[in-house]
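The structure file start_22.cif is reproduced below (mmCIF, N, CA and C atoms; chains and numbers go by the auth columns).
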data_data
loop_
_atom_site.group_PDB
_atom_site.id
_atom_site.type_symbol
_atom_site.label_atom_id
_atom_site.label_comp_id
_atom_site.label_asym_id
_atom_site.label_seq_id
_atom_site.Cartn_x
_atom_site.Cartn_y
_atom_site.Cartn_z
_atom_site.B_iso_or_equiv
_atom_site.auth_seq_id
_atom_site.auth_asym_id
ATOM 1 N N MET A 1 -0.383 -18.646 3.031 0.00 499 A
ATOM 2 C CA MET A 1 0.983 -18.802 2.606 0.00 499 A
ATOM 3 C C MET A 1 1.872 -18.359 3.764 0.00 499 A
ATOM 4 N N ASN A 2 2.648 -19.267 4.302 0.00 500 A
ATOM 5 C CA ASN A 2 3.556 -18.978 5.408 0.00 500 A
ATOM 6 C C ASN A 2 4.983 -18.889 4.896 0.00 500 A
ATOM 7 N N PRO A 3 5.799 -18.037 5.503 0.00 501 A
ATOM 8 C CA PRO A 3 7.188 -17.944 5.061 0.00 501 A
ATOM 9 C C PRO A 3 7.991 -19.174 5.480 0.00 501 A
ATOM 10 N N VAL A 4 8.939 -19.542 4.633 0.00 502 A
ATOM 11 C CA VAL A 4 9.895 -20.599 4.948 0.00 502 A
ATOM 12 C C VAL A 4 11.232 -19.896 5.092 0.00 502 A
ATOM 13 N N MET A 5 11.869 -20.050 6.250 0.00 503 A
ATOM 14 C CA MET A 5 13.131 -19.374 6.520 0.00 503 A
ATOM 15 C C MET A 5 14.307 -20.290 6.197 0.00 503 A
ATOM 16 N N GLU A 6 15.386 -19.681 5.661 0.00 504 A
ATOM 17 C CA GLU A 6 16.617 -20.396 5.345 0.00 504 A
ATOM 18 C C GLU A 6 16.338 -21.673 4.553 0.00 504 A
ATOM 19 N N LEU A 7 15.656 -21.519 3.442 0.00 505 A
ATOM 20 C CA LEU A 7 15.261 -22.648 2.612 0.00 505 A
ATOM 21 C C LEU A 7 16.395 -23.043 1.673 0.00 505 A
ATOM 22 N N PRO A 8 16.850 -24.308 1.729 0.00 506 A
ATOM 23 C CA PRO A 8 17.881 -24.745 0.787 0.00 506 A
ATOM 24 C C PRO A 8 17.330 -24.688 -0.636 0.00 506 A
ATOM 25 N N SER A 9 18.024 -23.976 -1.522 0.00 507 A
ATOM 26 C CA SER A 9 17.565 -23.868 -2.900 0.00 507 A
ATOM 27 C C SER A 9 18.718 -23.459 -3.790 0.00 507 A
ATOM 28 N N GLY A 10 18.722 -23.941 -5.010 0.00 508 A
ATOM 29 C CA GLY A 10 19.782 -23.583 -5.938 0.00 508 A
ATOM 30 C C GLY A 10 21.136 -23.941 -5.365 0.00 508 A
ATOM 31 N N LYS A 11 22.001 -22.944 -5.225 0.00 509 A
ATOM 32 C CA LYS A 11 23.365 -23.155 -4.740 0.00 509 A
ATOM 33 C C LYS A 11 23.567 -22.477 -3.391 0.00 509 A
ATOM 34 N N GLY A 12 22.635 -22.682 -2.464 0.00 510 A
ATOM 35 C CA GLY A 12 22.745 -22.066 -1.157 0.00 510 A
ATOM 36 C C GLY A 12 21.416 -22.063 -0.442 0.00 510 A
ATOM 37 N N PHE A 13 21.199 -21.039 0.366 0.00 511 A
ATOM 38 C CA PHE A 13 19.980 -20.919 1.147 0.00 511 A
ATOM 39 C C PHE A 13 19.335 -19.563 0.904 0.00 511 A
ATOM 40 N N ALA A 14 18.078 -19.564 0.482 0.00 512 A
ATOM 41 C CA ALA A 14 17.322 -18.319 0.375 0.00 512 A
ATOM 42 C C ALA A 14 16.922 -17.916 1.788 0.00 512 A
ATOM 43 N N ASP A 15 17.061 -16.638 2.127 0.00 513 A
ATOM 44 C CA ASP A 15 16.728 -16.190 3.476 0.00 513 A
ATOM 45 C C ASP A 15 15.268 -16.438 3.818 0.00 513 A
ATOM 46 N N MET A 16 14.373 -16.120 2.871 0.00 514 A
ATOM 47 C CA MET A 16 12.945 -16.320 3.090 0.00 514 A
ATOM 48 C C MET A 16 12.271 -16.634 1.765 0.00 514 A
ATOM 49 N N VAL A 17 11.333 -17.564 1.789 0.00 515 A
ATOM 50 C CA VAL A 17 10.536 -17.867 0.610 0.00 515 A
ATOM 51 C C VAL A 17 9.077 -17.945 1.036 0.00 515 A
ATOM 52 N N TYR A 18 8.227 -17.222 0.322 0.00 516 A
ATOM 53 C CA TYR A 18 6.780 -17.335 0.505 0.00 516 A
ATOM 54 C C TYR A 18 6.282 -18.171 -0.660 0.00 516 A
ATOM 55 N N LEU A 19 5.787 -19.344 -0.364 0.00 517 A
ATOM 56 C CA LEU A 19 5.458 -20.313 -1.393 0.00 517 A
ATOM 57 C C LEU A 19 3.976 -20.652 -1.360 0.00 517 A
ATOM 58 N N PRO A 20 3.242 -20.352 -2.435 0.00 518 A
ATOM 59 C CA PRO A 20 1.821 -20.709 -2.475 0.00 518 A
ATOM 60 C C PRO A 20 1.659 -22.188 -2.757 0.00 518 A
ATOM 61 N N GLY A 21 0.446 -22.683 -2.613 0.00 519 A
ATOM 62 C CA GLY A 21 0.178 -24.059 -2.992 0.00 519 A
ATOM 63 C C GLY A 21 0.391 -24.242 -4.487 0.00 519 A
ATOM 64 N N ARG A 22 0.778 -25.425 -4.881 0.00 520 A
ATOM 65 C CA ARG A 22 1.019 -25.721 -6.293 0.00 520 A
ATOM 66 C C ARG A 22 -0.299 -25.618 -7.075 0.00 520 A
ATOM 67 N N ASP A 23 -0.214 -25.102 -8.281 0.00 521 A
ATOM 68 C CA ASP A 23 -1.344 -24.999 -9.214 0.00 521 A
ATOM 69 C C ASP A 23 -2.481 -24.111 -8.726 0.00 521 A
ATOM 70 N N VAL A 24 -2.183 -23.103 -7.919 0.00 522 A
ATOM 71 C CA VAL A 24 -3.231 -22.169 -7.490 0.00 522 A
ATOM 72 C C VAL A 24 -3.101 -20.820 -8.191 0.00 522 A
ATOM 73 N N GLY A 25 -2.035 -20.617 -8.947 0.00 523 A
ATOM 74 C CA GLY A 25 -1.865 -19.390 -9.710 0.00 523 A
ATOM 75 C C GLY A 25 -1.500 -18.161 -8.906 0.00 523 A
ATOM 76 N N LYS A 26 -1.034 -18.334 -7.686 0.00 524 A
ATOM 77 C CA LYS A 26 -0.646 -17.193 -6.846 0.00 524 A
ATOM 78 C C LYS A 26 0.861 -16.973 -6.926 0.00 524 A
ATOM 79 N N THR A 27 1.281 -15.791 -6.537 0.00 525 A
ATOM 80 C CA THR A 27 2.678 -15.383 -6.649 0.00 525 A
ATOM 81 C C THR A 27 3.547 -15.973 -5.543 0.00 525 A
ATOM 82 N N ALA A 28 4.716 -16.474 -5.929 0.00 526 A
ATOM 83 C CA ALA A 28 5.741 -16.909 -4.978 0.00 526 A
ATOM 84 C C ALA A 28 6.732 -15.757 -4.814 0.00 526 A
ATOM 85 N N LEU A 29 7.379 -15.674 -3.663 0.00 527 A
ATOM 86 C CA LEU A 29 8.310 -14.595 -3.369 0.00 527 A
ATOM 87 C C LEU A 29 9.583 -15.168 -2.765 0.00 527 A
ATOM 88 N N VAL A 30 10.729 -14.781 -3.348 0.00 528 A
ATOM 89 C CA VAL A 30 12.037 -15.183 -2.831 0.00 528 A
ATOM 90 C C VAL A 30 12.718 -13.921 -2.312 0.00 528 A
ATOM 91 N N VAL A 31 13.117 -13.929 -1.035 0.00 529 A
ATOM 92 C CA VAL A 31 13.673 -12.743 -0.385 0.00 529 A
ATOM 93 C C VAL A 31 15.098 -13.021 0.094 0.00 529 A
ATOM 94 N N GLU A 32 15.995 -12.086 -0.196 0.00 530 A
ATOM 95 C CA GLU A 32 17.369 -12.133 0.312 0.00 530 A
ATOM 96 C C GLU A 32 17.610 -10.869 1.120 0.00 530 A
ATOM 97 N N LEU A 33 18.081 -11.023 2.343 0.00 531 A
ATOM 98 C CA LEU A 33 18.341 -9.905 3.247 0.00 531 A
ATOM 99 C C LEU A 33 19.840 -9.636 3.340 0.00 531 A
ATOM 100 N N LYS A 34 20.211 -8.365 3.369 0.00 532 A
ATOM 101 C CA LYS A 34 21.621 -7.982 3.482 0.00 532 A
ATOM 102 C C LYS A 34 21.788 -6.940 4.576 0.00 532 A
ATOM 103 N N TRP A 35 22.917 -7.003 5.272 0.00 533 A
ATOM 104 C CA TRP A 35 23.275 -6.035 6.299 0.00 533 A
ATOM 105 C C TRP A 35 24.475 -5.249 5.779 0.00 533 A
ATOM 106 N N ASN A 36 24.309 -3.912 5.655 0.00 534 A
ATOM 107 C CA ASN A 36 25.361 -3.015 5.166 0.00 534 A
ATOM 108 C C ASN A 36 25.883 -3.416 3.782 0.00 534 A
ATOM 109 N N ARG A 37 25.012 -3.953 2.950 0.00 535 A
ATOM 110 C CA ARG A 37 25.316 -4.277 1.560 0.00 535 A
ATOM 111 C C ARG A 37 24.125 -3.835 0.724 0.00 535 A
ATOM 112 N N SER A 38 24.278 -3.811 -0.577 0.00 536 A
ATOM 113 C CA SER A 38 23.218 -3.267 -1.430 0.00 536 A
ATOM 114 C C SER A 38 22.074 -4.251 -1.671 0.00 536 A
ATOM 115 N N ALA A 39 20.896 -3.699 -1.870 0.00 537 A
ATOM 116 C CA ALA A 39 19.727 -4.509 -2.213 0.00 537 A
ATOM 117 C C ALA A 39 19.886 -5.090 -3.622 0.00 537 A
ATOM 118 N N LYS A 40 20.527 -4.339 -4.521 0.00 538 A
ATOM 119 C CA LYS A 40 20.797 -4.862 -5.868 0.00 538 A
ATOM 120 C C LYS A 40 21.713 -6.075 -5.795 0.00 538 A
ATOM 121 N N GLY A 41 22.668 -6.042 -4.873 0.00 539 A
ATOM 122 C CA GLY A 41 23.554 -7.192 -4.668 0.00 539 A
ATOM 123 C C GLY A 41 22.793 -8.405 -4.172 0.00 539 A
ATOM 124 N N ALA A 42 21.753 -8.167 -3.377 0.00 540 A
ATOM 125 C CA ALA A 42 20.918 -9.267 -2.887 0.00 540 A
ATOM 126 C C ALA A 42 20.164 -9.920 -4.040 0.00 540 A
ATOM 127 N N ILE A 43 19.625 -9.104 -4.966 0.00 541 A
ATOM 128 C CA ILE A 43 18.948 -9.634 -6.155 0.00 541 A
ATOM 129 C C ILE A 43 19.944 -10.430 -7.002 0.00 541 A
ATOM 130 N N ALA A 44 21.143 -9.890 -7.168 0.00 542 A
ATOM 131 C CA ALA A 44 22.176 -10.584 -7.940 0.00 542 A
ATOM 132 C C ALA A 44 22.503 -11.943 -7.318 0.00 542 A
ATOM 133 N N GLN A 45 22.555 -12.007 -5.994 0.00 543 A
ATOM 134 C CA GLN A 45 22.830 -13.275 -5.312 0.00 543 A
ATOM 135 C C GLN A 45 21.710 -14.282 -5.562 0.00 543 A
ATOM 136 N N ILE A 46 20.455 -13.832 -5.524 0.00 544 A
ATOM 137 C CA ILE A 46 19.330 -14.735 -5.795 0.00 544 A
ATOM 138 C C ILE A 46 19.483 -15.341 -7.188 0.00 544 A
ATOM 139 N N LYS A 47 19.849 -14.504 -8.153 0.00 545 A
ATOM 140 C CA LYS A 47 20.004 -14.987 -9.528 0.00 545 A
ATOM 141 C C LYS A 47 21.236 -15.871 -9.684 0.00 545 A
ATOM 142 N N ASP A 48 22.377 -15.410 -9.175 0.00 546 A
ATOM 143 C CA ASP A 48 23.635 -16.158 -9.321 0.00 546 A
ATOM 144 C C ASP A 48 23.553 -17.544 -8.692 0.00 546 A
ATOM 145 N N ARG A 49 22.908 -17.613 -7.549 0.00 547 A
ATOM 146 C CA ARG A 49 22.815 -18.897 -6.838 0.00 547 A
ATOM 147 C C ARG A 49 21.538 -19.666 -7.159 0.00 547 A
ATOM 148 N N GLN A 50 20.764 -19.141 -8.097 0.00 548 A
ATOM 149 C CA GLN A 50 19.577 -19.817 -8.634 0.00 548 A
ATOM 150 C C GLN A 50 18.587 -20.238 -7.546 0.00 548 A
ATOM 151 N N TYR A 51 18.305 -19.325 -6.622 0.00 549 A
ATOM 152 C CA TYR A 51 17.389 -19.633 -5.522 0.00 549 A
ATOM 153 C C TYR A 51 15.972 -19.933 -6.002 0.00 549 A
ATOM 154 N N ALA A 52 15.572 -19.373 -7.140 0.00 550 A
ATOM 155 C CA ALA A 52 14.205 -19.579 -7.629 0.00 550 A
ATOM 156 C C ALA A 52 14.089 -20.754 -8.593 0.00 550 A
ATOM 157 N N SER A 53 15.172 -21.423 -8.881 0.00 551 A
ATOM 158 C CA SER A 53 15.156 -22.476 -9.910 0.00 551 A
ATOM 159 C C SER A 53 14.221 -23.634 -9.583 0.00 551 A
ATOM 160 N N TRP A 54 14.116 -23.995 -8.341 0.00 552 A
ATOM 161 C CA TRP A 54 13.305 -25.168 -7.978 0.00 552 A
ATOM 162 C C TRP A 54 11.809 -24.873 -7.900 0.00 552 A
ATOM 163 N N ILE A 55 11.417 -23.595 -7.994 0.00 553 A
ATOM 164 C CA ILE A 55 9.978 -23.294 -7.987 0.00 553 A
ATOM 165 C C ILE A 55 9.486 -22.849 -9.362 0.00 553 A
ATOM 166 N N GLN A 56 10.262 -23.080 -10.393 0.00 554 A
ATOM 167 C CA GLN A 56 9.875 -22.699 -11.748 0.00 554 A
ATOM 168 C C GLN A 56 8.583 -23.386 -12.195 0.00 554 A
ATOM 169 N N GLY A 57 8.245 -24.551 -11.633 0.00 555 A
ATOM 170 C CA GLY A 57 7.055 -25.288 -12.026 0.00 555 A
ATOM 171 C C GLY A 57 5.753 -24.763 -11.448 0.00 555 A
ATOM 172 N N TYR A 58 5.801 -23.778 -10.579 0.00 556 A
ATOM 173 C CA TYR A 58 4.580 -23.228 -10.007 0.00 556 A
ATOM 174 C C TYR A 58 3.842 -22.397 -11.052 0.00 556 A
ATOM 175 N N THR A 59 2.533 -22.390 -10.982 0.00 557 A
ATOM 176 C CA THR A 59 1.741 -21.742 -12.025 0.00 557 A
ATOM 177 C C THR A 59 1.706 -20.228 -11.906 0.00 557 A
ATOM 178 N N GLY A 60 1.916 -19.687 -10.735 0.00 558 A
ATOM 179 C CA GLY A 60 1.888 -18.238 -10.561 0.00 558 A
ATOM 180 C C GLY A 60 3.220 -17.600 -10.905 0.00 558 A
ATOM 181 N N GLU A 61 3.261 -16.283 -10.758 0.00 559 A
ATOM 182 C CA GLU A 61 4.489 -15.553 -11.005 0.00 559 A
ATOM 183 C C GLU A 61 5.459 -15.747 -9.839 0.00 559 A
ATOM 184 N N ILE A 62 6.724 -15.423 -10.091 0.00 560 A
ATOM 185 C CA ILE A 62 7.748 -15.474 -9.051 0.00 560 A
ATOM 186 C C ILE A 62 8.381 -14.089 -8.977 0.00 560 A
ATOM 187 N N PHE A 63 8.366 -13.504 -7.787 0.00 561 A
ATOM 188 C CA PHE A 63 9.012 -12.211 -7.580 0.00 561 A
ATOM 189 C C PHE A 63 10.223 -12.386 -6.688 0.00 561 A
ATOM 190 N N LEU A 64 11.250 -11.595 -6.959 0.00 562 A
ATOM 191 C CA LEU A 64 12.481 -11.586 -6.173 0.00 562 A
ATOM 192 C C LEU A 64 12.538 -10.263 -5.420 0.00 562 A
ATOM 193 N N ALA A 65 12.964 -10.318 -4.163 0.00 563 A
ATOM 194 C CA ALA A 65 13.103 -9.101 -3.361 0.00 563 A
ATOM 195 C C ALA A 65 14.447 -9.111 -2.653 0.00 563 A
ATOM 196 N N GLY A 66 15.195 -8.037 -2.830 0.00 564 A
ATOM 197 C CA GLY A 66 16.443 -7.843 -2.112 0.00 564 A
ATOM 198 C C GLY A 66 16.249 -6.698 -1.139 0.00 564 A
ATOM 199 N N ILE A 67 16.512 -6.950 0.127 0.00 565 A
ATOM 200 C CA ILE A 67 16.306 -5.933 1.155 0.00 565 A
ATOM 201 C C ILE A 67 17.624 -5.696 1.879 0.00 565 A
ATOM 202 N N SER A 68 18.011 -4.420 1.961 0.00 566 A
ATOM 203 C CA SER A 68 19.252 -4.034 2.611 0.00 566 A
ATOM 204 C C SER A 68 18.947 -3.230 3.870 0.00 566 A
ATOM 205 N N TYR A 69 19.622 -3.567 4.935 0.00 567 A
ATOM 206 C CA TYR A 69 19.561 -2.802 6.176 0.00 567 A
ATOM 207 C C TYR A 69 20.937 -2.184 6.370 0.00 567 A
ATOM 208 N N ASP A 70 21.030 -0.875 6.200 0.00 568 A
ATOM 209 C CA ASP A 70 22.305 -0.179 6.280 0.00 568 A
ATOM 210 C C ASP A 70 22.261 0.834 7.412 0.00 568 A
ATOM 211 N N GLU A 71 23.254 0.788 8.286 0.00 569 A
ATOM 212 C CA GLU A 71 23.296 1.689 9.445 0.00 569 A
ATOM 213 C C GLU A 71 23.318 3.158 9.054 0.00 569 A
ATOM 214 N N LYS A 72 23.997 3.491 7.946 0.00 570 A
ATOM 215 C CA LYS A 72 24.147 4.880 7.540 0.00 570 A
ATOM 216 C C LYS A 72 23.086 5.329 6.550 0.00 570 A
ATOM 217 N N LYS A 73 22.727 4.473 5.595 0.00 571 A
ATOM 218 C CA LYS A 73 21.803 4.847 4.526 0.00 571 A
ATOM 219 C C LYS A 73 20.349 4.524 4.834 0.00 571 A
ATOM 220 N N GLY A 74 20.105 3.690 5.808 0.00 572 A
ATOM 221 C CA GLY A 74 18.742 3.268 6.100 0.00 572 A
ATOM 222 C C GLY A 74 18.387 2.005 5.331 0.00 572 A
ATOM 223 N N HIS A 75 17.103 1.818 5.102 0.00 573 A
ATOM 224 C CA HIS A 75 16.625 0.612 4.440 0.00 573 A
ATOM 225 C C HIS A 75 16.459 0.842 2.940 0.00 573 A
ATOM 226 N N GLU A 76 16.693 -0.203 2.177 0.00 574 A
ATOM 227 C CA GLU A 76 16.527 -0.157 0.730 0.00 574 A
ATOM 228 C C GLU A 76 15.933 -1.484 0.279 0.00 574 A
ATOM 229 N N CYS A 77 15.030 -1.438 -0.677 0.00 575 A
ATOM 230 C CA CYS A 77 14.425 -2.656 -1.211 0.00 575 A
ATOM 231 C C CYS A 77 14.394 -2.576 -2.730 0.00 575 A
ATOM 232 N N VAL A 78 14.790 -3.655 -3.381 0.00 576 A
ATOM 233 C CA VAL A 78 14.706 -3.774 -4.827 0.00 576 A
ATOM 234 C C VAL A 78 13.929 -5.047 -5.111 0.00 576 A
ATOM 235 N N SER A 79 12.963 -4.953 -6.023 0.00 577 A
ATOM 236 C CA SER A 79 12.211 -6.150 -6.381 0.00 577 A
ATOM 237 C C SER A 79 12.070 -6.237 -7.893 0.00 577 A
ATOM 238 N N GLU A 80 11.912 -7.442 -8.376 0.00 578 A
ATOM 239 C CA GLU A 80 11.696 -7.646 -9.797 0.00 578 A
ATOM 240 C C GLU A 80 11.026 -8.986 -10.041 0.00 578 A
ATOM 241 N N LYS A 81 10.376 -9.056 -11.177 0.00 579 A
ATOM 242 C CA LYS A 81 9.722 -10.292 -11.575 0.00 579 A
ATOM 243 C C LYS A 81 10.776 -11.245 -12.110 0.00 579 A
ATOM 244 N N CYS A 82 10.678 -12.487 -11.728 0.00 580 A
ATOM 245 C CA CYS A 82 11.602 -13.511 -12.183 0.00 580 A
ATOM 246 C C CYS A 82 11.098 -14.052 -13.524 0.00 580 A
ATOM 247 N N GLU A 83 11.956 -14.050 -14.507 0.00 581 A
ATOM 248 C CA GLU A 83 11.577 -14.619 -15.801 0.00 581 A
ATOM 249 C C GLU A 83 11.661 -16.136 -15.704 0.00 581 A
ATOM 250 N N LYS A 84 10.542 -16.793 -15.934 0.00 582 A
ATOM 251 C CA LYS A 84 10.503 -18.255 -15.867 0.00 582 A
ATOM 252 C C LYS A 84 11.181 -18.863 -17.083 0.00 582 A
ATOM 253 N N GLU A 85 11.819 -19.993 -16.849 0.00 583 A
ATOM 254 C CA GLU A 85 12.450 -20.725 -17.945 0.00 583 A
ATOM 255 C C GLU A 85 11.369 -21.388 -18.785 0.00 583 A
ATOM 256 N N ALA A 86 11.595 -21.414 -20.072 0.00 584 A
ATOM 257 C CA ALA A 86 10.599 -22.036 -20.975 0.00 584 A
ATOM 258 C C ALA A 86 10.677 -23.542 -20.942 0.00 584 A
#
Could you render the structure from this file as C-alpha coordinates?
Amino acid sequence: MNPVMELPSGKGFADMVYLPGRDVGKTALVVELKWNRSAKGAIAQIKDRQYASWIQGYTGEIFLAGISYDEKKGHECVSEKCEKEA
(Lines of atoms letter the chains of each structure in order from A and count residues from 1; the text may use other names and numbers.)
(Lines give C-alpha, C1' and ligand atoms only; values in the text may rest on other atoms or scores of the structure.)
Protein backbone atom coordinates (compact mmCIF):
# COMPACT_ATOMS: atom_id res chain seq x y z
CA MET A 1 0.00 0.00 0.00
CA ASN A 2 1.64 3.23 -1.17
CA PRO A 3 0.55 6.70 -0.09
CA VAL A 4 -1.28 8.95 -2.54
CA MET A 5 -0.46 12.62 -1.97
CA GLU A 6 -2.93 15.48 -2.52
CA LEU A 7 -5.70 13.15 -3.65
CA PRO A 8 -8.84 14.88 -4.97
CA SER A 9 -11.73 13.61 -2.84
CA GLY A 10 -15.02 14.88 -1.51
CA LYS A 11 -14.92 18.68 -1.55
CA GLY A 12 -11.17 19.24 -1.79
CA PHE A 13 -7.88 17.41 -1.53
CA ALA A 14 -6.87 14.95 1.18
CA ASP A 15 -3.21 15.52 2.08
CA MET A 16 -2.43 11.80 2.11
CA VAL A 17 -4.41 8.62 1.55
CA TYR A 18 -3.17 5.07 2.10
CA LEU A 19 -5.45 2.93 -0.01
CA PRO A 20 -5.42 -0.88 0.02
CA GLY A 21 -6.50 -2.97 -2.93
CA ARG A 22 -10.25 -3.31 -3.31
CA ASP A 23 -11.88 -6.31 -1.60
CA VAL A 24 -8.81 -7.29 0.45
CA GLY A 25 -10.27 -6.32 3.83
CA LYS A 26 -7.36 -4.09 4.86
CA THR A 27 -7.61 -0.67 6.47
CA ALA A 28 -7.58 2.56 4.44
CA LEU A 29 -6.17 5.72 6.03
CA VAL A 30 -7.04 9.36 5.27
CA VAL A 31 -4.55 11.89 6.68
CA GLU A 32 -4.86 15.68 6.99
CA LEU A 33 -1.80 17.70 8.03
CA LYS A 34 -1.96 21.10 9.73
CA TRP A 35 0.69 23.70 10.55
CA ASN A 36 0.05 25.70 13.77
CA ARG A 37 -3.57 24.48 13.87
CA SER A 38 -5.24 21.74 15.88
CA ALA A 39 -5.28 18.05 15.01
CA LYS A 40 -8.98 17.98 15.97
CA GLY A 41 -9.54 20.68 13.35
CA ALA A 42 -7.84 18.45 10.79
CA ILE A 43 -10.26 15.60 11.61
CA ALA A 44 -13.17 18.05 11.35
CA GLN A 45 -11.94 19.12 7.90
CA ILE A 46 -11.78 15.49 6.72
CA LYS A 47 -15.39 15.03 7.80
CA ASP A 48 -16.72 18.41 6.62
CA ARG A 49 -15.18 18.03 3.18
CA GLN A 50 -16.09 14.33 2.97
CA TYR A 51 -12.58 13.17 2.05
CA ALA A 52 -13.45 9.54 2.86
CA SER A 53 -16.75 9.46 0.95
CA TRP A 54 -15.36 7.95 -2.24
CA ILE A 55 -13.71 5.00 -0.48
CA GLN A 56 -16.83 3.89 1.41
CA GLY A 57 -17.07 0.83 -0.90
CA TYR A 58 -13.82 -0.71 0.32
CA THR A 59 -14.24 -3.82 2.44
CA GLY A 60 -11.80 -2.87 5.19
CA GLU A 61 -12.10 -0.22 7.85
CA ILE A 62 -11.34 3.45 7.22
CA PHE A 63 -9.33 5.45 9.75
CA LEU A 64 -8.94 9.22 9.82
CA ALA A 65 -5.79 10.90 11.14
CA GLY A 66 -5.29 14.58 11.86
CA ILE A 67 -1.70 15.61 12.49
CA SER A 68 -0.68 19.04 13.74
CA TYR A 69 2.81 20.50 13.63
CA ASP A 70 2.94 23.44 16.03
CA GLU A 71 6.08 25.50 16.66
CA LYS A 72 5.19 26.12 20.31
CA LYS A 73 3.22 23.02 21.36
CA GLY A 74 5.04 20.38 19.33
CA HIS A 75 3.32 17.59 17.45
CA GLU A 76 -0.20 16.34 18.04
CA CYS A 77 -2.12 13.51 16.40
CA VAL A 78 -5.80 12.61 16.64
CA SER A 79 -7.21 9.52 14.98
CA GLU A 80 -10.60 7.88 14.79
CA LYS A 81 -12.46 5.19 12.95
CA CYS A 82 -14.66 6.44 10.15
CA GLU A 83 -18.24 5.25 10.40
CA LYS A 84 -19.19 3.80 7.03
CA GLU A 85 -22.47 4.77 5.45
CA ALA A 86 -25.04 1.99 5.30
**Request:** Expand the PyMOL selection byres ((chain A and resi 534) around 6.5) into the individual residues it matches in the shown file, reporting them as a list in words.
**Result:**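 Against this file, the PyMOL selection byres ((chain A and resi 534) around 6.5) returns the residues Lys532, Trp533, Arg535, Ser536, Ser566, Tyr567, Asp568 and Glu569 of chain A.
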**Request:** Kindly give the distance, in Å, that separates atom N of Ile553 of chain A and atom N of Glu574 of chain A, rounded to a single decimal.
**Result:** 26.0 Å
**Prompt:** Neighbours of Lys579 of chain A within 8 Å (all atoms listed in the file; same-chain residues fewer than 6 positions away dropped), as a list in words?
**Reply:**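 Listed by chain and then number, they are Glu559, Ile560, Phe561, Leu562 and Ala563 of chain A.
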Can you list, as a short mmCIF file (atom, residue, chain, number, x, y, z; two decimals) with N, CA and C atoms, in the coordinates of the input, every protein, DNA or RNA residue that comes within 6 Å of Ile541 of chain A when you count only C-alpha atoms, leaving out same-chain residues fewer than 3 positions away?
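Output saved as result-v7.cif:
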data_model
loop_
_atom_site.label_atom_id
_atom_site.label_comp_id
_atom_site.auth_asym_id
_atom_site.auth_seq_id
_atom_site.Cartn_x
_atom_site.Cartn_y
_atom_site.Cartn_z
N LYS A 538 20.53 -4.34 -4.52
CA LYS A 538 20.80 -4.86 -5.87
C LYS A 538 21.71 -6.08 -5.80
N ILE A 544 20.45 -13.83 -5.52
CA ILE A 544 19.33 -14.74 -5.80
C ILE A 544 19.48 -15.34 -7.19
N GLY A 564 15.20 -8.04 -2.83
CA GLY A 564 16.44 -7.84 -2.11
C GLY A 564 16.25 -6.70 -1.14
#
**Request:** Grab the atom N of Glu504 of chain A to atom N of Asp546 of chain A distance for me, in Å with one decimal place.
**Result:** 16.9 Å
**Request:** In Å, rounded to a single decimal, give me how far atom CA of Glu581 of chain A is from atom CA of Asp521 of chain A.
**Result:** 17.8 Å
**Expected answer as a PyMOL selection string: all residues with atoms within 5 Å of (3.2, -20.0, -8.7), all atoms listed in the file** = chain A and resi 524+526+556-559
Write out the residues from the selection above, keeping N, CA and C atoms, as a tab-separated table (two decimals), in the coordinates of the input.
chain	number	residue	atom	x	y	z
A	524	LYS	N	-1.03	-18.33	-7.69
A	524	LYS	CA	-0.65	-17.19	-6.85
A	524	LYS	C	0.86	-16.97	-6.93
A	526	ALA	N	4.72	-16.47	-5.93
A	526	ALA	CA	5.74	-16.91	-4.98
A	526	ALA	C	6.73	-15.76	-4.81
A	556	TYR	N	5.80	-23.78	-10.58
A	556	TYR	CA	4.58	-23.23	-10.01
A	556	TYR	C	3.84	-22.40	-11.05
A	557	THR	N	2.53	-22.39	-10.98
A	557	THR	CA	1.74	-21.74	-12.02
A	557	THR	C	1.71	-20.23	-11.91
A	558	GLY	N	1.92	-19.69	-10.74
A	558	GLY	CA	1.89	-18.24	-10.56
A	558	GLY	C	3.22	-17.60	-10.90
A	559	GLU	N	3.26	-16.28	-10.76
A	559	GLU	CA	4.49	-15.55	-11.00
A	559	GLU	C	5.46	-15.75	-9.84
**Asked** Which is closer to Gly539 of chain A than all the others in A:Gly519, A:Ser551, A:Gly510, A:Ile565, using only N, CA and C atoms?
**Response** A:Ile565
**Residue among A:Gly572, A:Gln548, A:Leu531, A:Gly555 lying closest to Pro518 of chain A, counting only C-alpha atoms** = A:Gly555
